[in-house]
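Enquirer: Data file query25.cif (mmCIF, C-alpha atoms and all ligand atoms) is appended below.
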data_protein
loop_
_atom_site.label_atom_id
_atom_site.label_comp_id
_atom_site.auth_asym_id
_atom_site.auth_seq_id
_atom_site.Cartn_x
_atom_site.Cartn_y
_atom_site.Cartn_z
CA MET B 1 24.29 12.59 -9.17
CA LEU B 2 23.05 15.85 -10.59
CA ASN B 3 25.52 18.43 -11.74
CA ILE B 4 23.74 21.47 -10.29
CA LYS B 5 24.83 24.87 -11.62
CA ILE B 6 24.59 27.55 -8.95
CA GLU B 7 24.04 31.21 -9.77
CA LYS B 8 23.98 33.27 -6.58
CA THR B 9 21.96 36.45 -6.31
CA THR B 10 23.86 39.74 -6.38
CA SER B 11 21.12 41.49 -4.39
CA PRO B 12 20.18 39.42 -1.33
CA ARG B 13 16.88 40.52 0.11
CA GLN B 14 16.03 41.72 3.60
CA LYS B 15 15.06 38.86 5.91
CA PRO B 16 11.50 39.06 7.24
CA ASP B 17 10.65 39.73 10.88
CA TYR B 18 11.24 36.26 12.33
CA ASN B 19 8.84 36.97 15.19
CA ASN B 20 5.97 37.52 12.82
CA LEU B 21 6.47 35.05 9.99
CA GLY B 22 3.03 33.61 9.39
CA PHE B 23 2.97 30.72 6.93
CA GLY B 24 4.03 30.76 3.26
CA ARG B 25 4.30 34.53 2.88
CA HIS B 26 8.06 35.01 2.59
CA PHE B 27 10.43 33.37 0.12
CA THR B 28 14.19 32.98 0.16
CA ASP B 29 16.83 34.34 -2.23
CA HIS B 30 17.10 31.30 -4.50
CA MET B 31 15.16 28.49 -6.12
CA PHE B 32 16.01 25.17 -7.73
CA ILE B 33 14.83 24.45 -11.27
CA MET B 34 15.19 21.38 -13.49
CA ASP B 35 13.59 20.97 -16.93
CA TYR B 36 12.12 17.95 -18.61
CA SER B 37 12.45 17.80 -22.39
CA ASP B 38 13.32 15.22 -25.06
CA GLY B 39 12.46 12.45 -22.62
CA THR B 40 14.84 13.39 -19.79
CA TRP B 41 15.15 15.62 -16.75
CA ASN B 42 17.95 18.07 -17.50
CA ASN B 43 19.66 21.37 -16.71
CA PRO B 44 19.43 21.30 -12.90
CA ARG B 45 20.25 24.75 -11.55
CA ILE B 46 19.91 27.03 -8.57
CA VAL B 47 19.12 30.60 -9.58
CA PRO B 48 18.00 33.81 -7.84
CA TYR B 49 14.35 33.62 -6.77
CA ASN B 50 12.34 35.35 -9.47
CA ASP B 51 9.25 35.18 -11.63
CA ILE B 52 9.24 32.49 -14.30
CA THR B 53 8.12 32.91 -17.89
CA LEU B 54 5.66 30.50 -19.47
CA SER B 55 3.63 30.46 -22.67
CA PRO B 56 -0.02 31.36 -22.08
CA ALA B 57 -0.70 28.06 -23.83
CA ALA B 58 1.35 26.10 -21.24
CA MET B 59 -0.75 23.05 -20.46
CA VAL B 60 -0.67 23.58 -16.69
CA PHE B 61 -2.95 26.60 -17.17
CA HIS B 62 -5.58 24.67 -19.09
CA TYR B 63 -5.63 21.08 -17.87
CA GLY B 64 -4.09 21.44 -14.43
CA GLN B 65 -1.23 18.96 -14.80
CA GLU B 66 0.56 20.00 -11.62
CA MET B 67 1.79 18.30 -8.43
CA PHE B 68 3.47 19.47 -5.25
CA GLU B 69 5.13 18.29 -2.07
CA GLY B 70 5.70 19.87 1.33
CA LEU B 71 8.37 19.21 3.95
CA LYS B 72 10.51 21.22 6.33
CA ALA B 73 14.14 21.89 7.26
CA TYR B 74 14.99 22.59 10.91
CA TYR B 75 17.95 24.19 12.64
CA THR B 76 18.95 22.23 15.73
CA LYS B 77 20.41 23.84 18.87
CA ASP B 78 23.89 22.58 17.95
CA GLY B 79 23.69 24.20 14.53
CA ASN B 80 22.82 21.19 12.38
CA ILE B 81 20.30 21.44 9.58
CA GLN B 82 17.99 18.47 9.32
CA LEU B 83 15.08 17.13 7.30
CA PHE B 84 12.30 14.84 8.53
CA ARG B 85 11.84 11.63 6.46
CA PRO B 86 12.37 13.36 3.09
CA GLN B 87 12.50 9.99 1.31
CA LYS B 88 8.81 9.54 2.16
CA ASN B 89 7.93 12.77 0.39
CA ILE B 90 9.99 11.77 -2.62
CA GLU B 91 8.32 8.34 -2.86
CA ARG B 92 4.94 10.05 -2.65
CA MET B 93 5.99 12.57 -5.30
CA ASN B 94 6.64 9.76 -7.74
CA ARG B 95 3.33 8.03 -6.89
CA THR B 96 1.60 11.33 -7.60
CA ASN B 97 3.60 11.71 -10.82
CA ASP B 98 2.50 8.26 -12.00
CA ARG B 99 -1.15 9.12 -11.37
CA ILE B 100 -1.11 12.34 -13.40
CA CYS B 101 1.32 11.20 -16.12
CA ILE B 102 4.31 13.29 -15.09
CA PRO B 103 7.66 11.55 -15.63
CA ARG B 104 9.30 10.25 -12.45
CA ILE B 105 12.32 11.92 -10.92
CA ASN B 106 15.21 9.80 -9.67
CA PRO B 107 14.78 9.77 -5.85
CA ASP B 108 18.49 10.37 -5.18
CA ASP B 109 18.44 13.36 -7.54
CA ALA B 110 15.37 14.80 -5.82
CA LEU B 111 16.99 14.48 -2.38
CA GLN B 112 20.20 16.02 -3.68
CA ALA B 113 18.23 18.96 -5.11
CA ILE B 114 16.37 19.54 -1.82
CA LYS B 115 19.59 19.47 0.20
CA ALA B 116 21.37 21.74 -2.29
CA ILE B 117 18.77 24.51 -2.24
CA VAL B 118 18.44 24.35 1.56
CA GLU B 119 22.22 24.62 1.88
CA VAL B 120 22.37 27.66 -0.43
CA ASP B 121 19.65 29.48 1.52
CA LYS B 122 20.47 28.13 4.99
CA GLU B 123 20.73 31.64 6.44
CA TRP B 124 16.97 31.83 5.91
CA ILE B 125 16.18 28.96 8.27
CA PRO B 126 14.60 30.63 11.29
CA THR B 127 15.84 29.49 14.68
CA SER B 128 13.25 30.54 17.23
CA GLU B 129 10.90 28.05 18.91
CA GLY B 130 8.32 26.54 16.56
CA THR B 131 9.76 27.97 13.34
CA SER B 132 11.27 26.15 10.37
CA LEU B 133 12.00 26.43 6.66
CA TYR B 134 9.11 25.07 4.61
CA ILE B 135 10.25 23.35 1.40
CA ARG B 136 7.84 23.33 -1.53
CA PRO B 137 8.90 21.14 -4.49
CA PHE B 138 6.44 21.18 -7.39
CA ILE B 139 6.14 20.21 -11.04
CA ILE B 140 4.21 21.98 -13.79
CA ALA B 141 3.38 21.03 -17.39
CA THR B 142 4.94 23.63 -19.67
CA GLU B 143 4.30 22.46 -23.24
CA PRO B 144 2.39 25.14 -25.20
CA HIS B 145 -0.42 23.05 -26.62
CA LEU B 146 -4.20 23.21 -26.40
CA GLY B 147 -5.12 19.55 -26.43
CA VAL B 148 -5.81 17.14 -23.62
CA ALA B 149 -2.77 14.88 -23.32
CA PRO B 150 0.24 14.65 -21.02
CA SER B 151 2.65 17.51 -21.65
CA LYS B 152 5.97 16.70 -23.34
CA THR B 153 7.84 19.27 -21.23
CA TYR B 154 7.85 20.12 -17.49
CA MET B 155 9.60 22.20 -14.88
CA PHE B 156 10.51 20.82 -11.44
CA ILE B 157 10.95 23.75 -9.07
CA ILE B 158 11.78 23.98 -5.37
CA ILE B 159 11.03 27.15 -3.43
CA LEU B 160 11.59 27.78 0.28
CA SER B 161 9.63 29.75 2.84
CA PRO B 162 10.60 30.52 6.45
CA VAL B 163 7.49 29.76 8.51
CA ALA B 164 6.00 29.85 11.98
CA SER B 165 3.19 27.52 12.93
CA TYR B 166 0.48 27.01 10.33
CA TYR B 167 -2.56 28.08 12.30
CA ALA B 168 -2.81 31.43 13.99
CA GLU B 169 -4.33 29.41 16.85
CA GLY B 170 -1.03 27.48 17.28
CA LEU B 171 -1.82 24.38 19.31
CA ASN B 172 -5.28 25.66 20.27
CA PRO B 173 -8.11 23.41 19.11
CA VAL B 174 -9.85 24.25 15.82
CA LYS B 175 -13.52 23.93 14.88
CA ILE B 176 -14.27 21.54 12.03
CA TYR B 177 -17.38 21.29 9.86
CA ILE B 178 -18.28 17.78 8.67
CA GLU B 179 -19.03 18.31 4.99
CA ASN B 180 -22.46 17.02 3.96
CA LYS B 181 -22.78 18.34 0.40
CA TYR B 182 -19.50 18.38 -1.51
CA VAL B 183 -16.97 15.55 -1.86
CA ARG B 184 -13.20 15.64 -2.27
CA ALA B 185 -12.27 12.24 -3.66
CA VAL B 186 -13.61 8.89 -4.78
CA LYS B 187 -12.12 5.44 -5.22
CA GLY B 188 -10.25 5.44 -8.52
CA GLY B 189 -9.81 9.22 -8.42
CA THR B 190 -6.85 11.35 -7.37
CA GLY B 191 -7.40 11.61 -3.60
CA PHE B 192 -4.07 9.94 -2.76
CA ALA B 193 -2.11 12.27 -5.04
CA LYS B 194 -0.82 15.65 -3.88
CA ILE B 195 -2.10 17.85 -6.67
CA GLY B 196 -3.53 21.33 -6.99
CA GLY B 197 -6.60 19.83 -8.64
CA ASN B 198 -7.73 18.27 -5.36
CA TYR B 199 -7.43 21.61 -3.63
CA VAL B 200 -9.33 23.67 -6.17
CA ALA B 201 -12.18 21.18 -5.85
CA SER B 202 -12.25 21.82 -2.09
CA LEU B 203 -12.34 25.63 -2.06
CA LYS B 204 -16.09 26.04 -2.19
CA ALA B 205 -16.75 23.80 0.80
CA GLN B 206 -13.92 25.51 2.65
CA MET B 207 -15.44 28.97 2.03
CA ASP B 208 -18.92 27.87 3.08
CA ALA B 209 -17.54 26.39 6.30
CA LYS B 210 -15.57 29.59 7.02
CA GLU B 211 -18.77 31.57 6.74
CA LEU B 212 -20.28 29.38 9.47
CA GLY B 213 -17.26 29.97 11.71
CA TYR B 214 -15.36 26.71 11.03
CA SER B 215 -11.71 26.68 10.07
CA GLN B 216 -11.75 23.53 7.90
CA VAL B 217 -14.01 20.78 6.66
CA LEU B 218 -13.90 17.07 7.41
CA TRP B 219 -14.48 15.14 4.18
CA LEU B 220 -16.66 12.06 4.02
CA ASP B 221 -16.29 9.33 1.41
CA GLY B 222 -17.51 10.27 -2.05
CA VAL B 223 -19.87 7.32 -2.58
CA GLU B 224 -21.97 6.77 0.54
CA HIS B 225 -21.17 10.01 2.34
CA LYS B 226 -20.83 7.94 5.46
CA TYR B 227 -17.19 7.24 6.17
CA VAL B 228 -14.53 9.71 7.26
CA ASP B 229 -11.72 10.50 4.80
CA GLU B 230 -9.63 13.43 6.04
CA VAL B 231 -9.61 17.11 6.97
CA GLY B 232 -8.77 19.86 4.43
CA ALA B 233 -4.99 19.54 4.29
CA MET B 234 -4.56 17.07 7.16
CA ASN B 235 -5.18 13.45 8.01
CA VAL B 236 -7.44 12.83 10.97
CA PHE B 237 -7.27 10.70 14.13
CA PHE B 238 -9.91 9.89 16.76
CA VAL B 239 -9.37 8.60 20.28
CA ILE B 240 -12.37 6.41 21.07
CA GLY B 241 -12.19 4.78 24.48
CA ASP B 242 -8.65 3.38 24.63
CA GLU B 243 -8.28 2.95 20.87
CA VAL B 244 -6.80 5.46 18.42
CA VAL B 245 -8.44 5.21 15.00
CA THR B 246 -7.51 6.76 11.67
CA PRO B 247 -9.14 6.05 8.29
CA SER B 248 -7.29 3.40 6.27
CA LEU B 249 -5.67 4.25 2.94
CA ASP B 250 -7.20 1.29 1.04
CA GLU B 251 -9.73 3.26 -0.99
CA GLY B 252 -7.06 5.55 -2.44
CA SER B 253 -9.15 8.59 -1.54
CA ILE B 254 -6.92 9.79 1.29
CA LEU B 255 -3.55 11.54 1.07
CA PRO B 256 -1.00 9.25 2.76
CA GLY B 257 0.58 11.77 5.11
CA VAL B 258 4.12 11.43 6.41
CA THR B 259 2.94 12.87 9.73
CA ARG B 260 0.10 10.32 9.82
CA ASP B 261 2.52 7.45 9.24
CA SER B 262 4.89 8.79 11.90
CA CYS B 263 2.12 9.18 14.49
CA LEU B 264 0.95 5.61 13.87
CA ALA B 265 4.51 4.37 14.35
CA LEU B 266 4.93 6.30 17.62
CA LEU B 267 1.59 5.14 19.01
CA LYS B 268 2.48 1.53 18.25
CA LYS B 269 5.87 1.98 19.86
CA TRP B 270 4.21 3.34 23.00
CA GLY B 271 1.91 0.32 23.16
CA ILE B 272 -1.21 2.35 22.43
CA LYS B 273 -3.79 0.52 20.33
CA ALA B 274 -3.77 2.34 16.99
CA THR B 275 -5.99 1.06 14.19
CA GLU B 276 -6.30 1.97 10.51
CA ARG B 277 -9.83 1.18 9.39
CA ARG B 278 -12.99 2.63 7.94
CA ILE B 279 -14.85 4.73 10.46
CA SER B 280 -18.32 6.09 9.88
CA VAL B 281 -19.52 9.44 11.09
CA ASP B 282 -22.40 7.61 12.82
CA GLU B 283 -19.91 5.58 14.82
CA LEU B 284 -18.26 8.85 15.86
CA ALA B 285 -21.56 10.39 16.89
CA GLN B 286 -22.47 7.30 18.92
CA ALA B 287 -19.09 7.25 20.63
CA TYR B 288 -19.62 10.92 21.42
CA ASP B 289 -23.04 10.24 22.93
CA ARG B 290 -21.55 7.51 25.11
CA GLY B 291 -18.84 9.94 26.23
CA GLU B 292 -16.11 7.89 24.59
CA LEU B 293 -14.91 10.28 21.90
CA LYS B 294 -12.02 11.64 23.90
CA GLU B 295 -9.76 13.33 21.36
CA VAL B 296 -9.80 14.36 17.72
CA PHE B 297 -6.75 15.74 15.94
CA GLY B 298 -5.41 16.43 12.48
CA THR B 299 -1.87 15.63 11.32
CA GLY B 300 0.23 17.30 8.63
CA THR B 301 3.68 18.75 8.03
CA ALA B 302 2.52 22.34 8.34
CA ALA B 303 0.82 22.16 11.75
CA VAL B 304 2.26 18.77 12.89
CA ILE B 305 -0.67 18.10 15.26
CA SER B 306 -3.82 20.20 15.19
CA PRO B 307 -6.28 19.41 17.96
CA VAL B 308 -9.97 19.61 17.10
CA GLY B 309 -12.20 21.19 19.74
CA GLU B 310 -15.54 20.99 17.96
CA LEU B 311 -17.19 18.96 15.21
CA ASN B 312 -20.45 19.96 13.54
CA TYR B 313 -22.36 17.19 11.77
CA ASN B 314 -25.65 18.33 10.23
CA GLY B 315 -26.08 20.77 13.11
CA LYS B 316 -25.13 18.25 15.82
CA ILE B 317 -22.37 19.95 17.77
CA MET B 318 -19.78 17.66 19.34
CA THR B 319 -17.46 19.39 21.78
CA ILE B 320 -14.27 17.39 22.15
CA ASN B 321 -12.40 17.26 25.47
CA ASP B 322 -14.00 20.55 26.61
CA GLY B 323 -12.34 22.31 23.67
CA LYS B 324 -8.87 21.61 25.07
CA ILE B 325 -5.92 19.64 23.67
CA GLY B 326 -5.93 16.00 24.83
CA THR B 327 -3.06 14.02 26.36
CA ILE B 328 -2.35 11.83 23.32
CA SER B 329 -2.42 14.84 20.96
CA GLN B 330 -0.06 16.75 23.24
CA LYS B 331 2.37 13.83 23.60
CA LEU B 332 2.47 13.24 19.84
CA TYR B 333 3.11 16.95 19.26
CA ASP B 334 5.89 17.06 21.86
CA VAL B 335 7.67 13.96 20.59
CA MET B 336 7.26 14.72 16.86
CA THR B 337 8.52 18.29 17.21
CA GLY B 338 11.20 17.15 19.67
CA ILE B 339 12.65 14.81 17.06
CA GLN B 340 12.22 17.33 14.23
CA TRP B 341 14.03 20.15 16.05
CA GLY B 342 16.69 17.77 17.35
CA ASN B 343 15.74 18.17 21.03
CA LEU B 344 14.91 14.46 21.40
CA ALA B 345 16.97 11.48 20.29
CA ASP B 346 15.95 10.20 16.86
CA ASP B 347 15.44 6.57 17.85
CA MET B 348 13.14 6.00 14.86
CA GLY B 349 15.82 6.82 12.26
CA TRP B 350 13.71 9.61 10.77
CA ILE B 351 16.24 12.41 10.56
CA GLU B 352 18.28 13.19 7.45
CA ARG B 353 21.12 15.69 7.87
CA VAL B 354 21.63 18.30 5.15
C1 LIG B 401 -0.09 17.14 2.42
C2 LIG B 401 -1.44 16.67 2.84
C3 LIG B 401 -1.64 16.00 4.06
C4 LIG B 401 -0.56 15.82 5.12
O1 LIG B 401 0.54 15.10 4.68
P1 LIG B 401 1.94 15.22 5.44
O2 LIG B 401 2.87 14.39 4.64
O3 LIG B 401 1.74 14.72 6.82
O4 LIG B 401 2.29 16.67 5.43
C5 LIG B 401 -2.92 15.52 4.35
N1 LIG B 401 -3.93 15.70 3.48
C6 LIG B 401 -3.78 16.35 2.31
C7 LIG B 401 -4.93 16.51 1.41
C8 LIG B 401 -2.52 16.85 1.96
O5 LIG B 401 -2.38 17.51 0.81
#
So that I can check it, write out the structure of this file as structure tokens.
Ligand SMILES: *Cc1c(COP(=O)(O)O)cnc(C)c1O
Expert:
Amino acid sequence: MLNIKIEKTTSPRQKPDYNNLGFGRHFTDHMFIMDYSDGTWNNPRIVPYNDITLSPAAMVFHYGQEMFEGLKAYYTKDGNIQLFRPQKNIERMNRTNDRICIPRINPDDALQAIKAIVEVDKEWIPTSEGTSLYIRPFIIATEPHLGVAPSKTYMFIIILSPVASYYAEGLNPVKIYIENKYVRAVKGGTGFAKIGGNYVASLKAQMDAKELGYSQVLWLDGVEHKYVDEVGAMNVFFVIGDEVVTPSLDEGSILPGVTRDSCLALLKKWGIKATERRISVDELAQAYDRGELKEVFGTGTAAVISPVGELNYNGKIMTINDGKIGTISQKLYDVMTGIQWGNLADDMGWIERV
């Protein structure tokens, strides 16, 4: 158990317009901070949300030793506050930490910290349809030292942001560009870890795709440029004939999404054939030509389900389901959000009360 000191703000800020929240633009009154020094995590505290002070030599600025997580808190109709499978995020946080040499955090302590900061700022959880409180835990290397090595000191911080849906399009299908030049991850690399470094490496491809009118890129494997990995900040699923396919995690180049895992579990429960395997972009194109590529969708905490209406592969345009959301995508969205907002019974045991 952490002994969390709480210092409440004396000047609470104006809440944003909850009908026009956008995503990740507004932050709550408080934040959680815990330090790592002398070999232990220490001094857990909740303090007023504010800027933090770091040495310009802090290692995070030079060698990018940084990780993050993302999950949400929801207000149910009967006034409960709930989290969706937070233990999964915490397990993933520690797998990421191992990969980039950040010391692990005790999972019970991490969950306690998340619940504590959500409780302190619970008035900031929006209640209207489709909104939630996005929780962003992250860790940065703070030791002032120019030298490539793991930092000896860190900060673990949790900030909160009231959000609407991630894409301005909402549940409307997005256009995706299949990336044929840049790569995101390779076997043995950091693709499975949730780190800023993966994202900075993706910006250029993202910008080029935007210029062509596409909202995100679909990454192919880094070796053969043949097999599908994932989309920007989402995992990806394809409905081919009566089979649902998503790339397997074996290569370690894909971020193991909590939403991905949950969708696979629901599909299996519904008796729909759902397979994790390698899938080549040629197989997709052939399925498309046969008329069997019925649905494509991305999965992630921010958007939950994001239907894909168009894929562009080397100029070959594949229009999916007439640019409309498909039945499996819609059902997954309805059931996932139903459980998350407490409107459907949690028969999977996924909900954690705050
Ligand atoms: C966070 C993330 C996802 C989605 O993971 P969820 O746990 O479902 O939110 C997918 N891909 C990448 C690269 C990510 O960073």
Enquirer: Give as a count of residues only the set of residues within 10 Å of the point (14.6, 27.8, -9.8), where distances use the file's coordinates and all atoms listed in the file.
Expert: 21
Enquirer: Here is a test: counting only C-alpha atoms and all ligand atoms, which residue of B:Arg99, B:Lys5, B:His26, B:Lys88 is nearest to ligand LIG 401 (chain B)?
Expert: B:Lys88
Enquirer: List all protein, DNA and RNA residues that have any atom at most 9 Å from ligand LIG 401 (chain B), counting all atoms listed in the file, and write the list as a PyMOL selection string.
Expert: chain B and resi 68-71+88-89+92+191-196+198-199+230-236+254-262+298-304
Enquirer: For each of B:Gly241, B:Pro137, B:Gly197, B:Gly326, take the minimum atom-to-atom distance to B:Ile114, counting only C-alpha atoms, then give the residue where this is smallest.
Expert: B:Pro137
Enquirer: Residues at most 9 Å from B:Phe297, counting all atoms listed in the file, excluding those fewer than 5 positions away in the same chain, as a PyMOL selection string?
Expert: chain B and resi 173+235-239+305-309+325-326+329
Enquirer: Which value, in Å to one decimal, gives the distance between atom CA of B:Phe61 and atom CA of B:Ser253?
Expert: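 Between atom CA of B:Phe61 and atom CA of B:Ser253 the gap works out to 24.6 Å.
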Enquirer: Could you pull the residues within 10 Å of stretch 20-22 of chain B, counting all atoms listed in the file, minus those fewer than 2 positions along the same chain, as a VMD selection string?
Expert: chain B and resid 16 to 18 24 to 26 126 131 161 to 168
Enquirer: For the atom pair atom CA of B:Arg136 and atom CA of B:Val354, what is the interatomic distance in Å to one decimal place?
Expert: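 A separation of 16.1 Å between them.
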Enquirer: Excluding B:Leu264 and its own-chain neighbours fewer than 5 positions away, which residues fall within 10 Å of it when counting only C-alpha atoms? Please give them as number ranges by chain.
Expert: B: 237, 244-246, 258-259, 269-270, 272-276, 332
Enquirer: Interatomic distance between atom CA of B:Gly64 and atom CA of B:Glu211?
Expert: 27.7 Å
Enquirer: Between B:Ile4, B:Ala73, B:Leu83, B:Leu160, single out the one closest to B:Ala116, counting all atoms listed in the file.
Expert: B:Ile4
